[in-house]
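File shown: protein13.txt (compact mmCIF, C-alpha atoms).
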# COMPACT_ATOMS: atom_id res chain seq x y z
CA MET A 1 29.74 64.77 109.15
CA ILE A 2 28.86 67.96 110.99
CA ILE A 3 31.13 69.77 113.37
CA LYS A 4 28.75 71.95 115.31
CA ARG A 5 29.31 75.64 115.89
CA GLY A 6 31.14 76.33 119.10
CA ASN A 7 34.36 76.12 121.02
CA TYR A 8 36.57 73.04 120.85
CA LYS A 9 39.46 72.46 123.22
CA SER A 10 42.66 70.81 122.10
CA ILE A 11 45.14 68.79 124.16
CA ASN A 12 47.36 71.87 124.15
CA PRO A 13 45.87 73.96 126.98
CA ASP A 14 46.79 77.23 125.24
CA ILE A 15 44.79 76.55 122.07
CA SER A 16 41.09 76.24 121.53
CA TYR A 17 39.21 76.28 118.25
CA TYR A 18 36.14 78.34 117.53
CA ILE A 19 33.91 77.28 114.67
CA ASN A 20 31.79 80.18 113.42
CA ASP A 21 29.06 78.14 111.83
CA ASP A 22 28.09 74.46 111.66
CA LEU A 23 30.77 72.85 109.51
CA HIS A 24 29.57 70.19 107.05
CA LEU A 25 32.54 68.03 106.17
CA PHE A 26 33.12 65.09 103.86
CA ALA A 27 30.10 65.48 101.62
CA ASP A 28 30.15 63.39 98.41
CA GLU A 29 32.60 64.54 95.71
CA HIS A 30 33.87 67.38 97.88
CA ILE A 31 37.44 68.40 98.45
CA TYR A 32 38.36 70.57 101.43
CA PHE A 33 41.55 72.60 101.63
CA LEU A 34 42.54 73.50 105.15
CA ASP A 35 44.87 76.46 105.18
CA GLY A 36 46.31 78.90 107.63
CA ASN A 37 49.62 80.26 108.83
CA ASN A 38 52.43 77.96 109.83
CA GLY A 39 52.11 76.75 113.41
CA ILE A 40 48.49 77.83 113.77
CA GLY A 41 47.35 74.29 114.62
CA LYS A 42 46.02 72.72 111.41
CA THR A 43 47.49 69.29 112.13
CA THR A 44 46.39 69.48 115.76
CA PHE A 45 42.86 70.30 114.63
CA ILE A 46 42.80 67.24 112.38
CA GLU A 47 44.42 64.88 114.87
CA GLN A 48 42.50 65.95 117.93
CA ILE A 49 39.11 67.03 116.66
CA VAL A 50 38.38 65.68 113.16
CA LEU A 51 39.86 62.16 113.51
CA PRO A 52 38.16 61.36 116.86
CA LEU A 53 34.84 62.60 115.43
CA LEU A 54 35.26 60.39 112.36
CA LYS A 55 36.05 57.44 114.58
CA LYS A 56 33.04 58.17 116.80
CA GLN A 57 30.73 58.26 113.78
CA LYS A 58 32.37 55.13 112.33
CA LEU A 59 33.26 56.81 109.05
CA PRO A 60 36.15 54.86 107.48
CA ALA A 61 38.86 57.42 106.81
CA LEU A 62 42.55 57.17 106.02
CA PHE A 63 44.94 59.72 107.51
CA VAL A 64 48.24 60.33 105.76
CA GLY A 65 50.28 62.50 108.11
CA GLN A 66 53.22 64.82 107.69
CA ASP A 67 55.43 62.11 109.18
CA TYR A 68 54.79 59.94 106.13
CA GLU A 69 58.20 58.23 106.53
CA LEU A 70 56.94 56.80 109.80
CA GLN A 71 53.74 55.54 108.25
CA LEU A 72 55.46 54.20 105.16
CA TYR A 73 56.69 50.88 106.57
CA LEU A 74 53.48 50.28 108.49
CA MET A 75 51.47 50.94 105.32
CA CYS A 76 53.79 48.66 103.32
CA ALA A 77 53.33 45.91 105.91
CA THR A 78 49.55 46.22 106.00
CA SER A 79 49.04 46.58 102.24
CA LEU A 80 51.86 44.16 101.25
CA CYS A 81 53.32 46.80 98.95
CA PRO A 82 57.07 46.33 98.33
CA VAL A 83 59.09 49.09 100.00
CA HIS A 84 61.08 50.03 96.88
CA ILE A 85 57.84 50.64 94.96
CA ALA A 86 56.48 52.77 97.79
CA LEU A 87 59.70 54.77 97.94
CA GLU A 88 59.70 55.26 94.17
CA ASN A 89 56.26 56.81 94.12
CA PRO A 90 54.09 57.35 97.21
CA SER A 91 50.94 57.19 95.07
CA ASN A 92 51.70 53.49 94.38
CA LEU A 93 51.61 52.81 98.09
CA LEU A 94 48.39 54.73 98.44
CA GLN A 95 46.90 52.71 95.59
CA SER A 96 47.75 49.34 97.12
CA LEU A 97 46.52 50.50 100.50
CA LEU A 98 43.19 51.56 99.02
CA ARG A 99 42.97 48.26 97.14
CA LYS A 100 43.35 46.42 100.43
CA TYR A 101 41.05 48.67 102.46
CA ASN A 102 38.52 49.19 99.69
CA TYR A 103 35.86 50.46 102.09
CA ILE A 104 37.74 53.69 102.71
CA LYS A 105 35.87 56.59 101.16
CA ILE A 106 37.47 59.53 102.96
CA ILE A 107 41.14 60.51 102.97
CA ILE A 108 42.87 63.22 104.95
CA PHE A 109 46.24 64.35 103.65
CA ASP A 110 48.61 66.46 105.67
CA GLU A 111 50.78 68.18 103.05
CA PHE A 112 51.01 65.05 100.94
CA ASP A 113 51.34 67.16 97.80
CA LYS A 114 54.95 67.79 98.85
CA ARG A 115 55.73 64.10 98.32
CA CYS A 116 53.44 63.09 95.52
CA GLU A 117 52.60 64.65 92.16
CA ILE A 118 49.03 65.91 92.12
CA LYS A 119 48.39 64.28 88.72
CA ASN A 120 49.27 60.85 90.16
CA LEU A 121 47.24 61.54 93.25
CA ASN A 122 44.18 62.43 91.19
CA ASN A 123 44.51 59.19 89.20
CA VAL A 124 44.53 57.13 92.40
CA LEU A 125 41.57 58.99 93.87
CA ASP A 126 39.61 58.58 90.62
CA LYS A 127 40.29 54.85 90.41
CA HIS A 128 39.18 54.06 93.94
CA ASN A 129 35.99 56.09 94.08
CA ILE A 130 37.09 58.23 96.98
CA SER A 131 34.09 60.36 97.85
CA SER A 132 35.75 63.14 99.77
CA ILE A 133 39.17 64.35 100.83
CA LEU A 134 40.52 66.95 103.18
CA VAL A 135 43.94 68.36 102.41
CA ILE A 136 46.17 70.47 104.57
CA THR A 137 48.04 72.33 101.90
CA HIS A 138 49.97 75.41 100.98
CA ILE A 139 48.94 75.24 97.28
CA PRO A 140 47.95 78.81 96.28
CA SER A 141 44.16 79.13 96.16
CA HIS A 142 44.11 80.09 92.43
CA HIS A 143 45.75 76.77 91.52
CA ARG A 144 43.42 74.57 93.56
CA LYS A 145 40.60 74.58 91.03
CA ASP A 146 42.99 73.79 88.14
CA TYR A 147 44.39 70.78 89.98
CA PHE A 148 41.26 69.21 91.43
CA SER A 149 38.11 70.44 89.63
CA GLU A 150 38.09 67.42 87.27
CA THR A 151 38.11 64.93 90.14
CA PHE A 152 35.84 66.72 92.62
CA LYS A 153 32.61 68.56 91.89
CA THR A 154 32.94 70.95 94.79
CA GLY A 155 35.97 72.53 96.36
CA CYS A 156 35.97 74.42 99.65
CA THR A 157 38.64 76.21 101.59
CA LEU A 158 38.63 76.06 105.35
CA HIS A 159 40.43 79.14 106.61
CA MET A 160 42.08 78.97 109.96
CA ASN A 161 42.71 82.37 111.50
CA ASN A 162 44.22 83.42 114.76
CA ASN A 163 41.68 85.67 116.42
CA ASN A 164 43.57 88.00 118.72
CA SER A 165 40.49 89.95 119.76
CA THR A 166 38.70 86.92 121.19
CA GLU A 167 40.50 85.43 124.15
CA VAL A 168 38.81 82.95 126.42
CA CYS A 169 40.62 82.43 129.74
CA ASN A 170 43.93 83.59 128.16
CA ASN A 171 43.62 80.87 125.53
CA ARG A 172 44.60 81.42 121.90
CA VAL A 173 41.37 81.12 119.92
CA ILE A 174 41.56 79.85 116.37
CA GLU A 175 38.63 80.67 114.13
CA LEU A 176 37.62 78.34 111.36
CA SER A 177 35.48 79.46 108.46
CA CYS A 178 34.47 77.83 105.18
CA GLU A 179 34.53 79.32 101.69
CA ILE A 180 33.33 77.59 98.50
CA LEU A 181 35.91 77.76 95.72
CA TRP A 182 34.00 76.05 92.95
CA GLN A 183 30.74 74.17 92.55
CA GLN A 184 29.65 72.25 89.46
CA MET B 1 92.22 61.24 132.18
CA ARG B 2 88.93 61.80 130.35
CA ASP B 3 89.11 58.40 128.71
CA ILE B 4 89.67 56.69 132.07
CA MET B 5 86.68 58.54 133.59
CA ALA B 6 84.46 57.61 130.63
CA THR B 7 85.55 53.97 130.86
CA ILE B 8 84.86 53.85 134.61
CA LYS B 9 81.44 55.42 134.01
CA LEU B 10 80.62 52.89 131.29
CA ILE B 11 81.74 49.93 133.42
CA THR B 12 79.76 51.22 136.44
CA LEU B 13 76.60 51.63 134.40
CA LEU B 14 76.98 48.22 132.76
CA LEU B 15 77.57 46.60 136.15
CA THR B 16 74.49 48.35 137.54
CA VAL B 17 72.32 46.93 134.73
CA VAL B 18 73.83 43.43 135.04
CA ALA B 19 73.52 43.45 138.85
CA PHE B 20 69.93 44.61 138.65
CA ILE B 21 69.01 41.90 136.14
CA TYR B 22 70.84 39.31 138.28
CA THR B 23 68.83 40.42 141.34
CA GLN B 24 65.63 39.61 139.46
CA TYR B 25 66.64 35.93 139.43
CA THR B 26 67.19 35.72 143.19
CA ASP B 27 64.66 34.22 145.59
CA ILE B 28 64.45 37.38 147.71
CA TRP B 29 63.16 39.23 144.67
CA THR B 30 60.86 36.55 143.29
CA ILE B 31 58.85 35.97 146.47
CA ASN B 32 58.67 39.57 147.66
CA PHE B 33 55.96 41.34 145.71
CA THR B 34 56.15 44.49 147.89
CA LEU B 35 59.84 44.85 147.04
CA GLN B 36 59.10 44.54 143.31
CA ILE B 37 56.39 47.21 143.42
CA THR B 38 58.56 49.53 145.54
CA VAL B 39 61.54 49.23 143.17
CA THR B 40 59.31 49.78 140.11
CA THR B 41 57.82 52.90 141.71
CA ILE B 42 61.28 54.23 142.60
CA LEU B 43 62.55 53.58 139.05
CA ILE B 44 59.54 55.32 137.48
CA ALA B 45 59.93 58.30 139.85
CA LEU B 46 63.67 58.47 139.09
CA ASN B 47 62.98 58.37 135.37
CA ILE B 48 60.44 61.20 135.68
CA LEU B 49 63.01 63.20 137.61
CA LEU B 50 65.89 62.58 135.20
CA ASN B 51 64.22 62.22 131.79
CA GLY B 52 60.84 63.92 132.17
CA ARG B 53 57.21 62.84 132.18
CA LYS B 54 56.92 62.47 128.39
CA ASN B 55 59.83 60.05 128.21
CA THR B 56 58.37 58.03 131.09
CA ALA B 57 54.93 57.90 129.45
CA ASN B 58 56.53 56.78 126.17
CA ASN B 59 58.44 54.02 127.97
CA ILE B 60 55.29 52.79 129.68
CA LEU B 61 53.41 52.81 126.37
CA PHE B 62 56.29 50.93 124.76
CA ALA B 63 56.29 48.26 127.48
CA ALA B 64 52.49 48.01 127.80
CA PRO B 65 51.72 45.63 124.87
CA PHE B 66 54.52 43.23 125.89
CA VAL B 67 53.43 43.34 129.52
CA ILE B 68 49.75 42.75 128.77
CA PHE B 69 50.59 39.97 126.32
CA GLY B 70 53.00 38.38 128.83
CA VAL B 71 50.55 38.53 131.71
CA VAL B 72 47.62 37.16 129.69
CA ILE B 73 49.53 34.34 127.95
CA GLY B 74 51.61 33.60 131.07
CA SER B 75 48.55 33.34 133.29
CA PHE B 76 46.82 31.14 130.75
CA LEU B 77 49.78 28.75 130.54
CA LYS B 78 50.34 28.74 134.28
CA TYR B 79 46.78 28.21 135.45
CA ALA B 80 45.26 26.27 132.55
CA PHE B 81 48.16 23.85 131.96
CA ASP B 82 50.06 24.22 135.23
CA TYR B 83 53.06 25.31 133.19
CA THR B 84 56.05 26.69 135.09
CA ASN B 85 59.11 28.33 133.56
CA ASP B 86 62.72 28.28 134.74
CA LEU B 87 62.16 31.39 136.82
CA GLN B 88 59.37 29.75 138.84
CA ALA B 89 57.96 33.27 139.01
CA SER B 90 54.41 34.45 138.45
CA PRO B 91 53.60 36.11 135.09
CA LEU B 92 53.05 39.38 136.96
CA THR B 93 56.59 39.27 138.38
CA ILE B 94 58.01 38.68 134.90
CA ALA B 95 55.98 41.65 133.63
CA ILE B 96 57.30 43.84 136.45
CA ASN B 97 60.84 42.64 135.69
CA PHE B 98 60.40 43.69 132.08
CA ILE B 99 59.21 47.19 133.05
CA ASP B 100 62.08 47.54 135.54
CA THR B 101 64.62 46.45 132.94
CA VAL B 102 63.30 48.98 130.40
CA PHE B 103 63.56 51.76 132.99
CA ILE B 104 66.97 50.79 134.38
CA ILE B 105 68.45 50.65 130.85
CA ASN B 106 66.81 53.96 130.02
CA ILE B 107 68.14 55.66 133.16
CA CYS B 108 71.68 54.28 132.71
CA LEU B 109 71.74 55.17 129.04
CA SER B 110 70.60 58.73 129.73
CA ARG B 111 73.50 59.13 132.19
CA PHE B 112 76.02 58.15 129.50
CA THR B 113 76.26 61.13 127.15
CA TYR B 114 77.60 61.37 123.60
CA ILE B 115 80.66 63.22 124.98
CA ASP B 116 81.36 60.20 127.20
CA VAL B 117 81.18 57.99 124.09
CA LEU B 118 83.69 60.21 122.29
CA ASN B 119 86.04 60.04 125.28
CA LEU B 120 86.08 56.24 125.31
CA PRO B 121 89.44 54.65 124.37
CA PHE B 122 87.99 52.64 121.48
CA SER B 123 88.52 52.80 117.73
CA LYS B 124 86.53 55.38 115.73
CA ASP B 125 84.46 52.70 114.01
CA PHE B 126 83.46 51.15 117.30
CA LYS B 127 82.55 54.56 118.71
CA ASN B 128 80.43 55.16 115.60
CA HIS B 129 78.49 52.00 116.32
CA ILE B 130 77.93 53.03 119.94
CA ILE B 131 76.69 56.49 118.89
CA ILE B 132 74.33 54.99 116.29
CA THR B 133 72.95 52.40 118.75
CA ARG B 134 72.42 55.02 121.44
CA SER B 135 70.65 57.48 119.14
CA LEU B 136 68.46 54.70 117.71
CA TYR B 137 67.49 53.52 121.18
CA GLU B 138 66.49 57.08 122.04
CA LYS B 139 64.46 57.34 118.84
CA ALA B 140 62.84 53.91 118.92
CA ILE B 141 60.43 54.51 121.78
CA PRO B 142 58.85 57.79 120.55
CA ILE B 143 58.76 56.35 117.01
CA PHE B 144 56.97 53.24 118.24
CA THR B 145 54.43 55.38 120.14
CA ARG B 146 53.69 57.45 117.04
CA MET B 147 53.51 54.36 114.79
CA ARG B 148 51.04 52.83 117.20
CA TRP B 149 48.95 55.97 117.04
CA HIS B 150 49.00 55.79 113.23
CA SER B 151 48.00 52.12 113.32
CA ASP B 152 45.06 53.03 115.56
CA GLN B 153 43.82 55.40 112.85
CA LEU B 154 43.39 52.63 110.27
CA PRO B 155 39.62 52.10 110.13
CA PRO B 156 38.14 48.63 110.65
CA PRO B 157 35.97 47.15 107.85
CA PRO B 158 32.30 48.09 108.18
CA ASP B 159 31.22 44.41 108.21
CA ILE B 160 33.04 43.75 111.49
CA ILE B 161 30.55 42.57 114.09
CA GLY B 162 31.23 42.70 117.77
CA TYR B 163 34.08 43.52 120.08
CA PHE B 164 36.04 40.30 119.51
CA GLN B 165 36.28 40.68 115.72
CA TYR B 166 37.33 44.31 116.19
CA LYS B 167 40.12 43.25 118.56
CA ILE B 168 41.32 40.62 116.04
CA PHE B 169 41.51 43.32 113.36
CA ARG B 170 43.53 45.61 115.67
CA ALA B 171 45.80 42.73 116.73
CA SER B 172 46.50 41.88 113.07
CA ILE B 173 47.71 45.46 112.56
CA TYR B 174 49.73 45.50 115.80
CA CYS B 175 51.56 42.38 114.57
CA LYS B 176 52.88 44.45 111.70
CA LEU B 177 54.14 47.20 113.99
CA ILE B 178 57.35 45.46 115.07
CA PRO B 179 58.59 44.66 111.51
CA ALA B 180 57.63 48.20 110.46
CA LEU B 181 59.56 49.63 113.41
CA PHE B 182 62.55 47.41 112.60
CA LEU B 183 62.60 48.54 108.96
CA HIS B 184 62.30 52.18 109.93
CA ILE B 185 65.07 51.93 112.55
CA TYR B 186 67.31 50.05 110.09
CA ASN B 187 66.78 52.79 107.51
CA GLU B 188 67.56 55.44 110.14
CA ALA B 189 70.75 53.55 111.09
CA VAL B 190 71.95 53.59 107.48
CA GLN B 191 71.20 57.31 107.22
CA ILE B 192 72.96 58.18 110.51
CA GLU B 193 75.97 56.09 109.49
CA ASN B 194 76.18 57.98 106.19
CA ILE B 195 75.97 61.34 107.98
CA ILE B 196 78.74 60.39 110.43
CA GLU B 197 80.90 59.05 107.60
CA ASN B 198 80.34 62.27 105.67
CA ARG B 199 81.40 64.38 108.69
CA ARG B 200 84.50 62.24 109.19
CA ARG B 201 85.53 62.67 105.57
CA HIS B 202 84.95 66.40 105.88
CA PHE B 203 87.25 66.67 108.93
CA LYS B 204 90.01 64.62 107.27

How would this structure read if it were set down as C-alpha cells?
Amino acid sequence: MIIKRGNYKSINPDISYYINDDLHLFADEHIYFLDGNNGIGKTTFIEQIVLPLLKKQKLPALFVGQDYELQLYLMCATSLCPVHIALENPSNLLQSLLRKYNYIKIIIFDEFDKRCEIKNLNNVLDKHNISSILVITHIPSHHRKDYFSETFKTGCTLHMNNNNSTEVCNNRVIELSCEILWQQ
Amino acid sequence: MRDIMATIKLITLLLTVVAFIYTQYTDIWTINFTLQITVTTILIALNILLNGRKNTANNILFAAPFVIFGVVIGSFLKYAFDYTNDLQASPLTIAINFIDTVFIINICLSRFTYIDVLNLPFSKDFKNHIIITRSLYEKAIPIFTRMRWHSDQLPPPPDIIGYFQYKIFRASIYCKLIPALFLHIYNEAVQIENIIENRRRHFK
C-alpha cells in the first residue's frame, strides 16, 4: 500500500498530516514502528488515514486498539474464545481470532506490547504467517531489532514530528518520515 | 429538606417518563404523524441544548440499528402478511416512539445528578445500585458506538461476492455486539461496585 506524498486532513480541524515522501506500507515481512511524542496524533493517523485506505484497497487488516478492553468481548464473541482465557493472556485471544479469520495478513497494534509479552506475540505472528505489522509503540529504538528481527526481515520506524515552522491555515502540521532500522 | 427536594425531583422525572410513554399509546398520538415528528424534533433539540451534540449523535447511532431493523421487519410483517400488533400503529410510529423514549430517558436522567442520588432517603445499598445503574447508562451509549466502530474494522473474507453476502457478514458481527456490550457493562458494574465498596470501607 502506498500513501502518496502530500497533505492529509484529519477529522480534527486543527491537525493535518504531511507526508514527506511516498510511504510504502505493509510490504511482505516488514514491521513498522510508529513513534512520536504523546498526543501528537499517532492513533488518529491510524484510525482516520491508514484504516480507511486499507479498507478502500480491500486489504484484510486487523486493528487492535488502545481500548483493548472494549474490543475484548467482541473479539471473544466473534472468535469463540472463552473470556477467562483471553483475560489470562491476550495473545491467546489474538491466536483464536487469527485462526478464525485466517485471511488476515496485516495487523495494526496500538500499544499492544503493554498488555502482551513480545515473546508470546512473536510466536502468534510466526504461526499465522502474518506478512506485515504496524505497531504504535514506545519501545526504545535500540530494543526493536532485538525483539522483532527474527520474525520480520525488515524493520522501519515511522517518525511523527510536530513541525512548528510549517503552518497551513493555522493548522498543526505533523510530518511523517520513514527510517529503516534493519534489513536482512 | 434536601432529601424531600431530591425525592420530589425523582418522582417528577419518573412521572414525566411514564406520562410520555403513556401518551404514545393514545389515539391522538398514533394517528397524528405531524405531532410525532414535532415532538421528536423538540426532544432532539432539547438534548443538544442540555447534553451536547456528541451525546445526541451517540444516542441516534445507538437507536439507529433498532429503528432500521424495526421499520424493515415491521413493514414486511404489516404489508406482506397484513400483520397488526396491539398498538395498531405503523412501524414508523413505533420507530419514532423508540427514539423519543431514548431521548426522554436521557434528558430526565441527565437532570438527576449524583448529588440528588446521595440526597435520596434510601438505604446506602440501594443508593449504590442507583449510582451504578446511572453511570452504566451514561457509559453504555458511547461504549456501544465505539464497539460498533471496532466491529466495522473487522475485514470481510476475500471470497465474499456481492453486496448481499457482505451485508450478511456484517450482520453476523453486529449480532455479537449486544452480548459483547452486556459482558463489558457487567464487568464495569462489578468494578464500580468494588470501587464504591472500597471507598465506603475507607470512610468507616

For the interface of chain B with chain A (cut-off 9 Å, counting only C-alpha atoms), please tabulate each contacting residue of chain B alongside its nearest pair of atoms and their separation in Å to one decimal, rows sorted by chain and increasing number, as JSON lines.
{"residue": "B:Ile143", "atom": "CA", "partner": "A:Leu70", "partner_atom": "CA", "distance": 7.4}
{"residue": "B:Arg146", "atom": "CA", "partner": "A:Leu70", "partner_atom": "CA", "distance": 8.0}
{"residue": "B:Met147", "atom": "CA", "partner": "A:Leu70", "partner_atom": "CA", "distance": 6.5}
{"residue": "B:His150", "atom": "CA", "partner": "A:Gln71", "partner_atom": "CA", "distance": 6.9}
{"residue": "B:Ser151", "atom": "CA", "partner": "A:Leu74", "partner_atom": "CA", "distance": 7.5}
{"residue": "B:Gln153", "atom": "CA", "partner": "A:Phe63", "partner_atom": "CA", "distance": 7.0}
{"residue": "B:Leu154", "atom": "CA", "partner": "A:Leu62", "partner_atom": "CA", "distance": 6.3}
{"residue": "B:Pro155", "atom": "CA", "partner": "A:Pro60", "partner_atom": "CA", "distance": 5.2}
{"residue": "B:Pro156", "atom": "CA", "partner": "A:Pro60", "partner_atom": "CA", "distance": 7.3}
{"residue": "B:Pro157", "atom": "CA", "partner": "A:Tyr103", "partner_atom": "CA", "distance": 6.6}
{"residue": "B:Pro158", "atom": "CA", "partner": "A:Tyr103", "partner_atom": "CA", "distance": 7.4}
{"residue": "B:Ser172", "atom": "CA", "partner": "A:Thr78", "partner_atom": "CA", "distance": 8.8}
{"residue": "B:Ile173", "atom": "CA", "partner": "A:Thr78", "partner_atom": "CA", "distance": 6.9}
{"residue": "B:Lys176", "atom": "CA", "partner": "A:Ala77", "partner_atom": "CA", "distance": 6.0}
{"residue": "B:Leu177", "atom": "CA", "partner": "A:Leu74", "partner_atom": "CA", "distance": 6.3}
{"residue": "B:Pro179", "atom": "CA", "partner": "A:Ala77", "partner_atom": "CA", "distance": 7.8}
{"residue": "B:Ala180", "atom": "CA", "partner": "A:Tyr73", "partner_atom": "CA", "distance": 4.8}
{"residue": "B:Leu181", "atom": "CA", "partner": "A:Tyr73", "partner_atom": "CA", "distance": 7.5}
{"residue": "B:Leu183", "atom": "CA", "partner": "A:Tyr73", "partner_atom": "CA", "distance": 6.8}
{"residue": "B:His184", "atom": "CA", "partner": "A:Tyr73", "partner_atom": "CA", "distance": 6.7}

Top pick for closest residue to Asn7 in chain A, considering A:Ile85, A:Leu181, A:Val173, A:Leu25 and counting only C-alpha atoms: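 Checking each candidate against Asn7 in chain A, we get A:Val173 as the closest.
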
Gap from CA of Ile130 in chain B to CA of Glu193 in chain B - Å, one decimal: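 So the two atoms, CA of Ile130 in chain B and CA of Glu193 in chain B, lie 11.1 Å apart.
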
Option closest in space to Thr145 in chain B, from B:Asn32, B:Gln24, B:Thr38, B:Thr56 [counting all atoms listed in the file]: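 Selected residue with least distance to Thr145 in chain B: B:Thr56.
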
Residue nearest Asp28 in chain A - candidates A:Ile49, A:Ile180, A:Ile40, A:Ile130, atoms counted: all atoms listed in the file: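 Counting all atoms listed in the file, the residue closest to Asp28 in chain A is A:Ile130.
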
Nearby residues (all atoms listed in the file) at most 12 Å from Lys127 in chain B, same-chain spacing under 5 positions excluded, as a ChimeraX atom specification: /B:114-122,132-134,193,196

Point-to-point distance from CA of Ile131 in chain B to CA of Leu61 in chain B, Å rounded to tenths: 24.7 Å

9 Å contact set for Ile107 in chain B, all atoms listed in the file, chain neighbours under 3 positions out, as a PyMOL selection string: chain B and resi 43+46-47+50-51+102-104+110-111

Generate the output file for the selected residues, C-alpha atoms, as a compact mmCIF listing (two decimals), keeping the file's coordinate frame.
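After the write, out_35.txt holds the following:
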# COMPACT_ATOMS: atom_id res chain seq x y z
CA LEU B 43 62.55 53.58 139.05
CA LEU B 46 63.67 58.47 139.09
CA ASN B 47 62.98 58.37 135.37
CA LEU B 50 65.89 62.58 135.20
CA ASN B 51 64.22 62.22 131.79
CA VAL B 102 63.30 48.98 130.40
CA PHE B 103 63.56 51.76 132.99
CA ILE B 104 66.97 50.79 134.38
CA SER B 110 70.60 58.73 129.73
CA ARG B 111 73.50 59.13 132.19

d(CA of Ile4 in chain B, CA of Phe112 in chain B) in Å: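 Straight-line distance from CA of Ile4 in chain B to CA of Phe112 in chain B works out to 14.0 Å.
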
Contacts of range 92-98 of chain A within 6 Å, all atoms listed in the file, excl. fewer than 4 positions in-chain, as a VMD selection string: chain A and resid 79 86 102 124
